[in-house]
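The structure appears below as structure tokens.
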Amino acid sequence: MTLDAGATGADDIAIRPAVAADTDQIAALYLASFGATYTFALSHSDDQVRAWVRDVLVPAGHAIVAVDGGVIVGFAVVEPGDLDQLYVAPDRLGQGIGRRLLDGAKARSPDGLALYTFQVNERARGFYERNGFVADQFGDGSGNDEGQPDVHYVWRPV
């Protein structure tokens, strides 16, 4: 089932719900993206991340993936009112994939979304702000596993 087939510069990308067969690709993308984005270490081992994706993230039914030619190039986790994850493969940034995933997230939560990102992730912060999110709270890192200052964003439809 394709959730979004719109043309935003990523015409060949299908957005669909994640399935069990996607877990290895999702975990690899998450680890690669985190490593390419941050200079600090992830608070969980690679094996813990793989187990989380396999046993928790995908089975919960809230993950959507962006697929290009059978390869997952991005994913998001959307629970009602909450965008918990949004990652795009490092070599695919700037191609409209994040926007397609974000549009899918907004469609799943049309009354609004909230999310956290790390304050140092200026690329993500700019992306969310360009797409209608407003920062409403800044944290000191005590609320996340990495201990990094974060920022809370909200989006409400107009």
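A note on labels: chains of the structure tokens are A, B, ... as shown, every chain counts residues from 1, and ligands are counted from 1 in their shown order.
Excluding segment 138-143 of chain A and any residue on its chain fewer than 2 positions from it, the residues at most 10 Å away by only C-alpha atoms are A:Tyr116, A:Thr117, A:Phe118, A:Gln119, A:Ala135, A:Asp136, A:Asp145, A:Glu146, A:Gly147, A:Gln148, A:Pro149, A:Asp150, A:Val151, A:His152, A:Tyr153.
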Q) Hey, what's within 12 Å of Phe34 of chain A if we count only C-alpha atoms and toss same-chain stuff fewer than 4 positions away? As an NGL selection string, please? A) :A and (27-30 or 38-44 or 46 or 49 or 85-90 or 117-118 or 121 or 146)
Can you list, as a JSON list (two decimals) with all heavy atoms, in the first residue's frame, every protein, DNA or RNA residue that comes within 10 Å of Asp68 of chain A when you count only C-alpha atoms, leaving out same-chain residues fewer than 3 positions away?
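Result file is out-v1.json:
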```
[["chain", "number", "residue", "atom", "x", "y", "z"],
["A", 10, "ALA", "N", 11.20, 13.45, -5.72],
["A", 10, "ALA", "CA", 11.54, 12.07, -5.37],
["A", 10, "ALA", "C", 10.46, 11.16, -5.97],
["A", 10, "ALA", "O", 9.87, 10.33, -5.30],
["A", 10, "ALA", "CB", 11.62, 11.92, -3.85],
["A", 11, "ASP", "N", 10.21, 11.34, -7.26],
["A", 11, "ASP", "CA", 9.10, 10.68, -7.95],
["A", 11, "ASP", "C", 9.10, 9.17, -7.84],
["A", 11, "ASP", "O", 8.03, 8.55, -7.79],
["A", 11, "ASP", "CB", 9.11, 11.04, -9.45],
["A", 11, "ASP", "CG", 8.82, 12.50, -9.69],
["A", 11, "ASP", "OD1", 8.34, 13.18, -8.76],
["A", 11, "ASP", "OD2", 9.07, 12.96, -10.82],
["A", 12, "ASP", "N", 10.25, 8.55, -7.81],
["A", 12, "ASP", "CA", 10.31, 7.10, -7.81],
["A", 12, "ASP", "C", 10.29, 6.50, -6.41],
["A", 12, "ASP", "O", 10.43, 5.29, -6.26],
["A", 12, "ASP", "CB", 11.56, 6.63, -8.55],
["A", 12, "ASP", "CG", 11.55, 7.04, -10.01],
["A", 12, "ASP", "OD1", 10.44, 7.13, -10.59],
["A", 12, "ASP", "OD2", 12.62, 7.26, -10.57],
["A", 13, "ILE", "N", 10.10, 7.32, -5.41],
["A", 13, "ILE", "CA", 10.10, 6.87, -4.02],
["A", 13, "ILE", "C", 8.68, 6.49, -3.62],
["A", 13, "ILE", "O", 7.76, 7.28, -3.75],
["A", 13, "ILE", "CB", 10.62, 7.97, -3.07],
["A", 13, "ILE", "CG1", 11.98, 8.50, -3.51],
["A", 13, "ILE", "CG2", 10.62, 7.49, -1.63],
["A", 13, "ILE", "CD1", 13.10, 7.51, -3.46],
["A", 14, "ALA", "N", 8.52, 5.28, -3.11],
["A", 14, "ALA", "CA", 7.23, 4.84, -2.57],
["A", 14, "ALA", "C", 7.27, 4.99, -1.06],
["A", 14, "ALA", "O", 8.27, 4.63, -0.42],
["A", 14, "ALA", "CB", 6.97, 3.39, -2.95],
["A", 15, "ILE", "N", 6.21, 5.53, -0.48],
["A", 15, "ILE", "CA", 6.07, 5.62, 0.96],
["A", 15, "ILE", "C", 5.01, 4.59, 1.36],
["A", 15, "ILE", "O", 3.90, 4.62, 0.85],
["A", 15, "ILE", "CB", 5.62, 7.03, 1.40],
["A", 15, "ILE", "CG1", 6.55, 8.12, 0.85],
["A", 15, "ILE", "CG2", 5.51, 7.10, 2.92],
["A", 15, "ILE", "CD1", 7.96, 8.07, 1.36],
["A", 65, "VAL", "N", 8.15, 3.68, 5.64],
["A", 65, "VAL", "CA", 9.44, 3.68, 4.97],
["A", 65, "VAL", "C", 9.34, 4.35, 3.61],
["A", 65, "VAL", "O", 8.28, 4.32, 2.97],
["A", 65, "VAL", "CB", 10.03, 2.26, 4.82],
["A", 65, "VAL", "CG1", 10.39, 1.68, 6.18],
["A", 65, "VAL", "CG2", 9.07, 1.33, 4.10],
["A", 71, "VAL", "N", 15.16, -0.51, -2.10],
["A", 71, "VAL", "CA", 16.08, -0.11, -1.03],
["A", 71, "VAL", "C", 15.40, 0.95, -0.17],
["A", 71, "VAL", "O", 14.87, 1.94, -0.68],
["A", 71, "VAL", "CB", 17.39, 0.46, -1.62],
["A", 71, "VAL", "CG1", 18.30, 0.98, -0.51],
["A", 71, "VAL", "CG2", 18.09, -0.59, -2.46],
["A", 72, "ILE", "N", 15.42, 0.74, 1.14],
["A", 72, "ILE", "CA", 14.86, 1.73, 2.06],
["A", 72, "ILE", "C", 15.83, 2.90, 2.18],
["A", 72, "ILE", "O", 16.99, 2.71, 2.56],
["A", 72, "ILE", "CB", 14.55, 1.10, 3.43],
["A", 72, "ILE", "CG1", 13.43, 0.06, 3.25],
["A", 72, "ILE", "CG2", 14.16, 2.17, 4.45],
["A", 72, "ILE", "CD1", 13.12, -0.73, 4.48],
["A", 73, "VAL", "N", 15.35, 4.08, 1.83],
["A", 73, "VAL", "CA", 16.19, 5.29, 1.84],
["A", 73, "VAL", "C", 15.76, 6.28, 2.91],
["A", 73, "VAL", "O", 16.35, 7.35, 3.06],
["A", 73, "VAL", "CB", 16.21, 5.95, 0.44],
["A", 73, "VAL", "CG1", 16.90, 5.04, -0.57],
["A", 73, "VAL", "CG2", 14.81, 6.33, -0.02],
["A", 74, "GLY", "N", 14.73, 5.92, 3.68],
["A", 74, "GLY", "CA", 14.28, 6.75, 4.78],
["A", 74, "GLY", "C", 13.18, 6.05, 5.54],
["A", 74, "GLY", "O", 12.57, 5.12, 5.04],
["A", 97, "ILE", "N", 13.08, 13.28, 0.10],
["A", 97, "ILE", "CA", 12.63, 12.08, 0.79],
["A", 97, "ILE", "C", 12.09, 12.43, 2.18],
["A", 97, "ILE", "O", 11.02, 11.95, 2.58],
["A", 97, "ILE", "CB", 13.76, 11.04, 0.86],
["A", 97, "ILE", "CG1", 14.16, 10.62, -0.55],
["A", 97, "ILE", "CG2", 13.36, 9.85, 1.72],
["A", 97, "ILE", "CD1", 15.49, 9.90, -0.64]]
```
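Going from atom CA of Val154 of chain A over to atom CA of Leu115 of chain A, you cover 6.6 Å.
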Q: In Å, rounded to a single decimal, give me how far atom CA of Ser109 of chain A is from atom CA of Arg156 of chain A.
A: 9.8 Å
Q: as an MDAnalysis selection string, please: all residues of chain A that backbone DSSP puts in strand (DSSP E or B).
A: chainID A and resid 4 14:17 63:68 71:79 82:88 113:118 134:138 150:155
